[in-house]
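Visitor: Input file: my_file.csv. Contents: CSV, C-alpha atoms and all ligand atoms.
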chain,number,residue,atom,x,y,z
T,23,MET,CA,-24.2,57.5,52.4
T,24,LYS,CA,-24.0,58.6,48.8
T,25,GLN,CA,-26.4,61.2,47.4
T,26,GLY,CA,-29.7,59.6,46.3
T,27,TYR,CA,-29.1,56.3,48.1
T,28,ARG,CA,-31.3,55.1,50.8
T,29,LYS,CA,-31.1,52.4,53.4
T,30,GLY,CA,-32.9,49.1,53.3
T,31,ILE,CA,-33.1,46.7,56.2
T,32,ILE,CA,-32.8,43.0,55.5
T,33,HIS,CA,-35.7,40.8,56.3
T,34,SER,CA,-34.1,37.6,55.0
T,35,ASN,CA,-31.2,36.6,52.8
T,36,ILE,CA,-31.3,32.9,52.0
T,37,GLN,CA,-29.5,30.6,49.7
T,38,ILE,CA,-32.0,28.9,47.3
T,39,ALA,CA,-29.5,27.0,45.1
T,40,THR,CA,-25.8,26.8,44.6
T,41,ASN,CA,-24.5,30.4,44.5
T,42,ILE,CA,-28.1,31.7,44.2
T,43,TYR,CA,-29.6,33.9,46.9
T,44,GLU,CA,-32.9,35.6,47.5
T,45,ILE,CA,-32.8,38.8,49.6
T,46,LYS,CA,-35.8,40.7,50.9
T,47,LEU,CA,-35.6,44.3,52.2
T,48,SER,CA,-37.9,46.9,53.6
T,49,PRO,CA,-37.1,50.6,53.8
T,50,CYS,CA,-35.4,51.7,57.0
T,51,HIS,CA,-38.0,53.5,59.1
T,52,PRO,CA,-37.6,57.2,58.7
T,53,GLU,CA,-36.8,57.8,62.4
T,54,SER,CA,-34.0,55.3,62.3
T,55,ASP,CA,-32.6,56.9,59.1
T,56,SER,CA,-33.0,60.4,60.4
T,57,ILE,CA,-34.5,61.5,57.1
T,58,SER,CA,-38.0,63.0,57.2
T,59,LEU,CA,-40.0,61.0,54.8
T,60,THR,CA,-43.6,59.6,55.1
T,61,MET,CA,-43.8,55.8,55.0
T,62,GLU,CA,-45.5,56.0,51.6
T,63,GLU,CA,-42.6,58.1,50.2
T,64,SER,CA,-40.1,55.7,51.6
T,65,GLY,CA,-41.7,52.5,50.2
T,66,PHE,CA,-39.7,50.7,47.4
T,67,GLN,CA,-41.1,51.2,43.9
T,68,GLY,CA,-40.3,50.2,40.4
T,69,LYS,CA,-41.7,48.3,37.4
T,70,PRO,CA,-40.6,45.0,35.9
T,71,GLY,CA,-37.2,45.2,34.2
T,72,GLN,CA,-36.0,48.2,36.3
T,73,PHE,CA,-33.1,47.7,38.7
T,74,TYR,CA,-31.4,49.1,41.8
T,75,MET,CA,-27.8,49.8,42.5
T,76,LEU,CA,-26.9,47.9,45.7
T,77,ARG,CA,-24.1,48.6,48.1
T,78,GLY,CA,-23.5,46.4,51.1
T,79,TRP,CA,-20.1,47.8,52.1
T,80,GLU,CA,-18.3,51.1,52.9
T,81,LEU,CA,-15.4,51.7,50.5
T,82,ASP,CA,-14.3,48.4,48.9
T,83,PRO,CA,-15.3,47.5,46.2
T,84,LEU,CA,-15.5,51.1,45.0
T,85,LEU,CA,-18.7,50.6,42.9
T,86,PRO,CA,-22.2,49.5,43.8
T,87,ARG,CA,-23.7,46.6,41.9
T,88,PRO,CA,-26.8,46.6,39.7
T,89,ILE,CA,-29.5,44.0,40.5
T,90,SER,CA,-33.0,43.8,38.9
T,91,ILE,CA,-36.2,44.0,40.9
T,92,CYS,CA,-37.5,40.4,41.3
T,93,ASP,CA,-40.6,41.5,43.2
T,94,ILE,CA,-42.1,44.3,45.3
T,95,SER,CA,-45.0,43.4,47.6
T,96,ASP,CA,-46.3,45.2,50.7
T,97,GLY,CA,-43.3,47.6,50.6
T,98,ILE,CA,-40.8,44.8,50.7
T,99,ILE,CA,-38.5,44.5,47.7
T,100,THR,CA,-37.0,41.1,46.6
T,101,PHE,CA,-33.8,40.6,44.7
T,102,LEU,CA,-32.6,37.3,43.3
T,103,TYR,CA,-28.9,37.2,42.8
T,104,GLU,CA,-26.0,35.0,41.8
T,105,VAL,CA,-22.7,35.2,43.7
T,106,ARG,CA,-20.2,36.0,40.9
T,107,GLY,CA,-17.4,38.0,42.6
T,108,ARG,CA,-16.6,40.2,45.6
T,109,GLY,CA,-19.7,42.5,45.7
T,110,THR,CA,-22.3,39.7,45.5
T,111,HIS,CA,-20.2,37.6,47.9
T,112,ILE,CA,-20.3,40.4,50.5
T,113,ILE,CA,-24.1,40.8,50.0
T,114,SER,CA,-24.6,37.0,50.5
T,115,LYS,CA,-23.0,37.2,53.9
T,116,LEU,CA,-25.4,39.9,55.2
T,117,LYS,CA,-27.9,38.8,57.9
T,118,LYS,CA,-31.5,39.7,58.9
T,119,GLY,CA,-31.4,43.2,60.5
T,120,ASP,CA,-28.3,44.3,58.6
T,121,THR,CA,-28.7,47.3,56.2
T,122,LEU,CA,-27.9,47.9,52.5
T,123,GLU,CA,-27.7,51.1,50.6
T,124,LEU,CA,-29.9,51.2,47.5
T,125,LEU,CA,-30.4,53.6,44.6
T,126,GLY,CA,-33.4,53.1,42.3
T,127,PRO,CA,-35.6,52.3,40.6
T,128,LEU,CA,-33.4,52.8,37.5
T,129,GLY,CA,-33.6,52.1,33.8
T,130,ASN,CA,-36.6,51.8,31.5
T,131,GLY,CA,-38.2,48.4,32.3
T,132,PHE,CA,-40.6,46.3,30.2
T,133,ASP,CA,-43.7,47.8,28.7
T,134,LEU,CA,-46.6,45.9,30.3
T,135,ASN,CA,-49.4,47.2,28.1
T,136,ILE,CA,-49.3,44.1,26.0
T,137,GLU,CA,-52.5,42.2,25.4
T,138,ASP,CA,-51.2,39.6,23.0
T,139,LYS,CA,-49.9,36.1,23.6
T,140,ILE,CA,-46.3,36.5,24.9
T,141,ALA,CA,-43.4,34.2,25.6
T,142,ILE,CA,-40.9,34.8,28.3
T,143,VAL,CA,-37.5,33.2,27.8
T,144,SER,CA,-35.0,33.1,30.6
T,145,GLY,CA,-31.5,31.7,31.1
T,146,GLY,CA,-30.0,31.2,34.6
T,147,ILE,CA,-30.2,34.2,36.8
T,148,GLY,CA,-31.9,36.1,33.9
T,149,VAL,CA,-35.1,34.7,35.4
T,150,ALA,CA,-34.9,37.4,38.2
T,151,PRO,CA,-36.5,40.4,36.4
T,152,LEU,CA,-38.9,38.1,34.5
T,153,ILE,CA,-40.5,36.9,37.8
T,154,TYR,CA,-41.7,40.4,38.5
T,155,LEU,CA,-42.9,40.8,35.0
T,156,MET,CA,-44.8,37.5,35.2
T,157,LYS,CA,-46.6,38.6,38.4
T,158,GLY,CA,-47.8,41.8,36.9
T,159,PHE,CA,-48.9,40.4,33.6
T,160,LYS,CA,-52.6,39.6,33.2
T,161,GLY,CA,-52.6,38.2,29.6
T,162,ASP,CA,-51.7,34.9,28.0
T,163,MET,CA,-48.1,33.9,28.7
T,164,ASP,CA,-45.8,30.9,28.3
T,165,PHE,CA,-42.6,30.8,30.3
T,166,TYR,CA,-39.5,29.1,29.0
T,167,CYS,CA,-36.7,28.8,31.5
T,168,GLY,CA,-33.3,27.3,31.0
T,169,PHE,CA,-30.7,26.5,33.7
T,170,ARG,CA,-27.3,24.9,33.6
T,171,ASN,CA,-27.7,22.1,36.2
T,172,GLU,CA,-30.0,23.3,39.0
T,173,ALA,CA,-33.4,24.8,38.6
T,174,TYR,CA,-34.9,27.3,41.0
T,175,TYR,CA,-38.0,29.4,41.5
T,176,LEU,CA,-40.1,26.9,39.6
T,177,ASP,CA,-42.9,26.8,42.2
T,178,GLU,CA,-43.3,30.6,41.9
T,179,ILE,CA,-43.4,30.4,38.1
T,180,ARG,CA,-45.8,27.5,38.0
T,181,GLU,CA,-48.1,29.3,40.4
T,182,HIS,CA,-48.6,32.1,37.9
T,183,VAL,CA,-48.1,30.6,34.5
T,184,ASP,CA,-50.0,27.6,33.0
T,185,ASN,CA,-47.4,26.7,30.4
T,186,THR,CA,-43.9,26.4,31.7
T,187,HIS,CA,-41.1,24.8,29.7
T,188,ILE,CA,-38.0,23.9,31.6
T,189,SER,CA,-34.6,22.8,30.4
T,190,THR,CA,-31.3,22.0,32.1
T,191,GLU,CA,-28.1,21.3,30.4
T,192,ASP,CA,-27.5,18.2,32.5
T,193,GLY,CA,-31.1,16.9,32.2
T,194,SER,CA,-31.7,17.0,35.9
T,195,VAL,CA,-35.0,18.9,35.4
T,196,GLY,CA,-37.1,19.0,32.2
T,197,HIS,CA,-35.6,18.9,28.8
T,198,ARG,CA,-31.9,18.0,28.5
T,199,GLY,CA,-30.2,20.8,26.5
T,200,PHE,CA,-30.9,24.5,25.8
T,201,VAL,CA,-34.1,26.3,26.4
T,202,THR,CA,-34.0,27.5,22.7
T,203,ASP,CA,-34.5,23.8,21.7
T,204,LEU,CA,-38.0,24.1,23.2
T,205,PHE,CA,-39.0,27.6,22.1
T,206,LEU,CA,-41.2,28.1,19.0
T,207,PRO,CA,-41.5,31.9,18.3
T,208,LYS,CA,-44.2,31.6,15.7
T,209,ARG,CA,-46.7,30.8,18.4
T,210,TYR,CA,-46.4,34.3,20.0
T,211,ASP,CA,-47.1,37.9,19.2
T,212,MET,CA,-44.2,39.1,21.3
T,213,VAL,CA,-41.2,37.6,23.1
T,214,LEU,CA,-39.3,39.0,26.2
T,215,THR,CA,-36.0,37.5,27.2
T,216,CYS,CA,-33.2,37.9,29.7
T,217,GLY,CA,-30.1,35.6,30.2
T,218,PRO,CA,-26.7,35.0,28.9
T,219,ILE,CA,-25.8,37.0,25.7
T,220,PRO,CA,-25.5,33.9,23.4
T,221,MET,CA,-28.9,32.7,24.5
T,222,MET,CA,-30.5,36.1,23.9
T,223,ASN,CA,-28.7,36.4,20.6
T,224,ARG,CA,-30.2,33.1,19.5
T,225,VAL,CA,-33.7,34.0,20.7
T,226,VAL,CA,-33.5,37.3,18.7
T,227,GLU,CA,-32.4,35.4,15.6
T,228,MET,CA,-35.2,32.9,16.0
T,229,CYS,CA,-37.8,35.7,16.4
T,230,LYS,CA,-36.4,37.8,13.5
T,231,ASP,CA,-36.8,34.7,11.3
T,232,LYS,CA,-40.5,34.5,12.1
T,233,ASN,CA,-41.0,38.3,12.2
T,234,VAL,CA,-42.0,38.2,15.9
T,235,PRO,CA,-41.1,41.4,18.0
T,236,VAL,CA,-38.6,40.6,20.7
T,237,TYR,CA,-37.3,42.6,23.7
T,238,VAL,CA,-34.1,41.8,25.6
T,239,SER,CA,-32.9,42.9,29.0
T,240,MET,CA,-29.2,43.6,28.6
T,241,GLU,CA,-26.3,43.4,31.1
T,242,SER,CA,-23.3,45.6,31.3
T,243,ARG,CA,-20.7,46.5,33.9
T,244,MET,CA,-22.0,49.7,35.6
T,245,ALA,CA,-20.4,52.5,37.6
T,246,CYS,CA,-22.9,55.3,38.2
T,247,GLY,CA,-26.2,53.6,37.2
T,248,ILE,CA,-27.8,57.0,36.3
T,249,GLY,CA,-26.5,57.8,32.8
T,250,THR,CA,-23.5,60.1,33.6
T,251,CYS,CA,-20.3,58.0,33.3
T,252,LEU,CA,-21.0,56.3,29.9
T,253,GLY,CA,-19.4,53.1,31.3
T,254,CYS,CA,-22.3,50.8,30.4
T,255,THR,CA,-22.8,51.6,26.7
T,256,ILE,CA,-23.6,48.9,24.2
T,257,GLU,CA,-23.6,49.0,20.4
T,258,THR,CA,-27.0,49.4,18.7
T,259,THR,CA,-28.2,50.0,15.2
T,260,SER,CA,-28.7,53.6,16.1
T,261,GLY,CA,-25.3,54.2,17.8
T,262,MET,CA,-24.0,53.6,21.3
T,263,LYS,CA,-26.7,53.5,24.1
T,264,ARG,CA,-26.5,53.4,27.9
T,265,VAL,CA,-27.8,50.2,29.4
T,266,CYS,CA,-28.6,52.1,32.7
T,267,LYS,CA,-30.6,54.8,31.0
T,268,GLU,CA,-31.9,53.9,27.5
T,269,GLY,CA,-32.1,50.3,28.7
T,270,PRO,CA,-31.7,47.7,30.2
T,271,VAL,CA,-34.6,46.7,28.0
T,272,PHE,CA,-34.0,47.1,24.3
T,273,SER,CA,-35.7,45.9,21.1
T,274,GLY,CA,-33.9,42.8,20.1
T,275,GLU,CA,-33.6,44.1,16.5
T,276,GLU,CA,-31.6,47.1,17.6
T,277,VAL,CA,-28.9,45.4,19.7
T,278,LYS,CA,-25.7,44.5,18.0
T,279,PHE,CA,-24.6,41.3,19.8
T,280,ASN,CA,-20.8,40.9,19.9
T,281,ASP,CA,-20.4,37.4,21.5
T,301,LIG,C1,-29.3,46.1,34.7
T,301,LIG,C2,-28.7,44.9,35.3
T,301,LIG,C3,-29.4,44.0,36.1
T,301,LIG,C4,-28.9,42.9,36.8
T,301,LIG,N1,-29.7,42.1,37.5
T,301,LIG,C5,-29.1,41.1,38.2
T,301,LIG,C6,-29.9,40.3,39.0
T,301,LIG,O1,-31.2,40.5,39.1
T,301,LIG,N2,-29.3,39.2,39.6
T,301,LIG,C7,-28.0,39.0,39.5
T,301,LIG,O2,-27.5,38.0,40.1
T,301,LIG,N3,-27.2,39.7,38.7
T,301,LIG,C8,-27.7,40.8,38.0
T,301,LIG,N4,-26.9,41.6,37.3
T,301,LIG,C9,-25.5,41.3,37.2
T,301,LIG,C10,-24.8,41.8,38.5
T,301,LIG,O3,-24.8,43.2,38.5
T,301,LIG,C11,-23.3,41.3,38.5
T,301,LIG,O4,-23.3,39.9,38.6
T,301,LIG,C12,-22.6,41.9,39.7
T,301,LIG,O5,-22.4,43.3,39.5
T,301,LIG,C13,-21.3,41.2,39.9
T,301,LIG,O6,-20.6,41.9,41.0
T,301,LIG,P1,-19.5,41.1,41.8
T,301,LIG,O7,-18.8,42.1,42.6
T,301,LIG,O8,-20.1,40.0,42.6
T,301,LIG,O9,-18.6,40.5,40.7
T,301,LIG,P2,-17.3,41.2,40.1
T,301,LIG,O10,-16.2,40.8,41.0
T,301,LIG,O11,-17.6,42.6,39.7
T,301,LIG,O12,-17.2,40.3,38.7
T,301,LIG,C14,-17.1,38.9,38.8
T,301,LIG,C15,-17.2,38.3,37.4
T,301,LIG,O13,-18.5,38.6,36.8
T,301,LIG,C16,-18.4,39.4,35.6
T,301,LIG,N5,-19.4,40.5,35.6
T,301,LIG,C17,-19.7,41.3,36.7
T,301,LIG,N6,-20.7,42.1,36.4
T,301,LIG,C18,-21.1,41.8,35.1
T,301,LIG,C19,-22.1,42.3,34.2
T,301,LIG,N7,-22.9,43.3,34.6
T,301,LIG,N8,-22.2,41.8,33.0
T,301,LIG,C20,-21.4,40.8,32.7
T,301,LIG,N9,-20.4,40.2,33.4
T,301,LIG,C21,-20.2,40.7,34.7
T,301,LIG,C22,-17.0,40.0,35.7
T,301,LIG,O14,-16.4,40.3,34.4
T,301,LIG,C23,-16.2,39.0,36.4
T,301,LIG,O15,-15.8,38.0,35.5
T,301,LIG,C24,-27.5,42.7,36.6
T,301,LIG,C25,-26.7,43.5,35.8
T,301,LIG,C26,-27.3,44.6,35.2
T,301,LIG,C27,-26.4,45.5,34.3
T,302,LIG,S1,-23.4,53.1,34.5
T,302,LIG,FE1,-22.8,55.2,34.2
T,302,LIG,S2,-23.8,55.7,32.3
T,302,LIG,FE2,-24.6,53.7,32.7
Using structure tokens, write down the structure from this file.
Ligand SMILES: Cc1cc2nc3c(=O)[nH]c(=O)nc-3n(C[C@H](O)[C@H](O)[C@H](O)COP(=O)(O)OP(=O)(O)OC[C@H]3O[C@@H](n4cnc5c(N)ncnc54)[C@H](O)[C@@H]3O)c2cc1C
Ligand code: FES

Guide:
Amino acid sequence: MKQGYRKGIIHSNIQIATNIYEIKLSPCHPESDSISLTMEESGFQGKPGQFYMLRGWELDPLLPRPISICDISDGIITFLYEVRGRGTHIISKLKKGDTLELLGPLGNGFDLNIEDKIAIVSGGIGVAPLIYLMKGFKGDMDFYCGFRNEAYYLDEIREHVDNTHISTEDGSVGHRGFVTDLFLPKRYDMVLTCGPIPMMNRVVEMCKDKNVPVYVSMESRMACGIGTCLGCTIETTSGMKRVCKEGPVFSGEEVKFND
């Protein structure tokens, strides 16, 4: 096992929509991991917007994969992930009782000391880190979620948020079209968003127009996840910044979107 990584044991790994999976893990018991940690020390931690590097294989692929915290409850961590390529495909085949290697929590996360009325805007699997944010937020919140053709996690969202606005591009659930068709920034004191780059770019433009502060959770290909390889940098108004270290959450005004 690589330095800093720890083992998690899989409680469940279920498909919840086409190519979308939810995996739940608890820390491997210290005895079974031969590392002398108390249970408290070995519990998963992290705040909304932070992520873990996950590795469910030995050598190939070479690099672990970054996945955001979707929830942590009673020591069990939940990740929601989309199968995109080889790494996520391997993870999707793991079964209850199998183990994964994890490094985290990593990155800065969202600032939850917000008392104003906020909007959360998600696109597709970008909903994952926003679920954990939603659960920890006590203030006034509206949730806008857009999907391509299949919506998921709606029950969890509706359980915590009074005003949910759903869109699908094929019209199968909610508004037919983009989530940005529904979203009115001027109603809010702050906006938090995660999803495809063109969607976040549009949300930032809409917020800038109305002078509403907006925070985005950025994605980038990652290698180390801890700020040393510089492989994940993005362009910002104050130079290149590392998504894994200064991010993944950035002020929308500072990100230079190159889509
Ligand atoms: C901070 C952070 C948090 C993330 N959280 C989640 C999450 O909660 N759930 C989730 O499903 N995904 C999340 N991702 C994306 C996830 O890391 C990638 O989908 C995953 O690494 C793909 O690995 P793979 O081996 O399956 O695909 P690969 O074989 O590596 O790639 C398959 C395809 O996806 C593209 N791709 C892969 N990784 C990225 C990326 N980071 N950005 C843009 N395109 C990419 C590749 O260009 C390629 O076209 C997150 C990414 C970051 C940086
Ligand atoms: S992944 Fe290495 S610096 Fe960010």

Visitor: Kindly compile the residues surrounding ligand LIG 302 (chain T) within 8 Å, counting only C-alpha atoms and all ligand atoms, and format them as a list in words.

Guide: Arg243, Met244, Ala245, Cys246, Gly247, Ile248, Gly249, Thr250, Cys251, Leu252, Gly253, Cys254, Thr255, Arg264, Val265, Cys266 and Lys267 of chain T

Visitor: Between CA of Gly68 (chain T) and CA of Glu257 (chain T), what is the spacing in Å?

Guide: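 CA of Gly68 (chain T) lies at a distance of 26.1 Å from CA of Glu257 (chain T).
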
Visitor: Set the distance at 10 Å and use all atoms listed in the file: which residues neighbour Leu214 (chain T) once local chain neighbours fewer than 2 positions away are removed? I'd like the list as a compact mmCIF listing (two decimals) with C-alpha atoms, in the frame of the given file.

Guide:
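New file part36.txt:
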# COMPACT_ATOMS: atom_id res chain seq x y z
CA PHE T 132 -40.60 46.30 30.20
CA ILE T 140 -46.30 36.50 24.90
CA ALA T 141 -43.40 34.20 25.60
CA ILE T 142 -40.90 34.80 28.30
CA VAL T 143 -37.50 33.20 27.80
CA SER T 144 -35.00 33.10 30.60
CA LEU T 152 -38.90 38.10 34.50
CA LEU T 155 -42.90 40.80 35.00
CA PHE T 165 -42.60 30.80 30.30
CA MET T 212 -44.20 39.10 21.30
CA CYS T 216 -33.20 37.90 29.70
CA MET T 222 -30.50 36.10 23.90
CA VAL T 225 -33.70 34.00 20.70
CA VAL T 226 -33.50 37.30 18.70
CA PRO T 235 -41.10 41.40 18.00
CA VAL T 236 -38.60 40.60 20.70
CA TYR T 237 -37.30 42.60 23.70
CA VAL T 238 -34.10 41.80 25.60
CA SER T 239 -32.90 42.90 29.00
CA VAL T 271 -34.60 46.70 28.00
CA PHE T 272 -34.00 47.10 24.30
CA SER T 273 -35.70 45.90 21.10
CA GLY T 274 -33.90 42.80 20.10

Visitor: In Å to one decimal, how far is CA of Lys160 (chain T) from CA of Glu178 (chain T)?

Guide: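 Taking CA of Glu178 (chain T) and CA of Lys160 (chain T), their separation equals 15.6 Å.
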
Visitor: Show me which residues are within 7 Å of ligand LIG 301 (chain T) counting all atoms listed in the file, and format the list as a ChimeraX atom specification.

Guide: /T:73,87-92,101-111,147-148,150-151,240-244,265-266,270

Visitor: Keeping only C-alpha atoms, write the selected residues to a file as a PDB file, in the coordinates of the input.

Guide:
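Result written to out-v2.pdb:
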ATOM      1  CA  PHE T  73     -33.100  47.700  38.700  1.00  0.00           C
ATOM      2  CA  ARG T  87     -23.700  46.600  41.900  1.00  0.00           C
ATOM      3  CA  PRO T  88     -26.800  46.600  39.700  1.00  0.00           C
ATOM      4  CA  ILE T  89     -29.500  44.000  40.500  1.00  0.00           C
ATOM      5  CA  SER T  90     -33.000  43.800  38.900  1.00  0.00           C
ATOM      6  CA  ILE T  91     -36.200  44.000  40.900  1.00  0.00           C
ATOM      7  CA  CYS T  92     -37.500  40.400  41.300  1.00  0.00           C
ATOM      8  CA  PHE T 101     -33.800  40.600  44.700  1.00  0.00           C
ATOM      9  CA  LEU T 102     -32.600  37.300  43.300  1.00  0.00           C
ATOM     10  CA  TYR T 103     -28.900  37.200  42.800  1.00  0.00           C
ATOM     11  CA  GLU T 104     -26.000  35.000  41.800  1.00  0.00           C
ATOM     12  CA  VAL T 105     -22.700  35.200  43.700  1.00  0.00           C
ATOM     13  CA  ARG T 106     -20.200  36.000  40.900  1.00  0.00           C
ATOM     14  CA  GLY T 107     -17.400  38.000  42.600  1.00  0.00           C
ATOM     15  CA  ARG T 108     -16.600  40.200  45.600  1.00  0.00           C
ATOM     16  CA  GLY T 109     -19.700  42.500  45.700  1.00  0.00           C
ATOM     17  CA  THR T 110     -22.300  39.700  45.500  1.00  0.00           C
ATOM     18  CA  HIS T 111     -20.200  37.600  47.900  1.00  0.00           C
ATOM     19  CA  ILE T 147     -30.200  34.200  36.800  1.00  0.00           C
ATOM     20  CA  GLY T 148     -31.900  36.100  33.900  1.00  0.00           C
ATOM     21  CA  ALA T 150     -34.900  37.400  38.200  1.00  0.00           C
ATOM     22  CA  PRO T 151     -36.500  40.400  36.400  1.00  0.00           C
ATOM     23  CA  MET T 240     -29.200  43.600  28.600  1.00  0.00           C
ATOM     24  CA  GLU T 241     -26.300  43.400  31.100  1.00  0.00           C
ATOM     25  CA  SER T 242     -23.300  45.600  31.300  1.00  0.00           C
ATOM     26  CA  ARG T 243     -20.700  46.500  33.900  1.00  0.00           C
ATOM     27  CA  MET T 244     -22.000  49.700  35.600  1.00  0.00           C
ATOM     28  CA  VAL T 265     -27.800  50.200  29.400  1.00  0.00           C
ATOM     29  CA  CYS T 266     -28.600  52.100  32.700  1.00  0.00           C
ATOM     30  CA  PRO T 270     -31.700  47.700  30.200  1.00  0.00           C
TER      31      PRO T 270
END
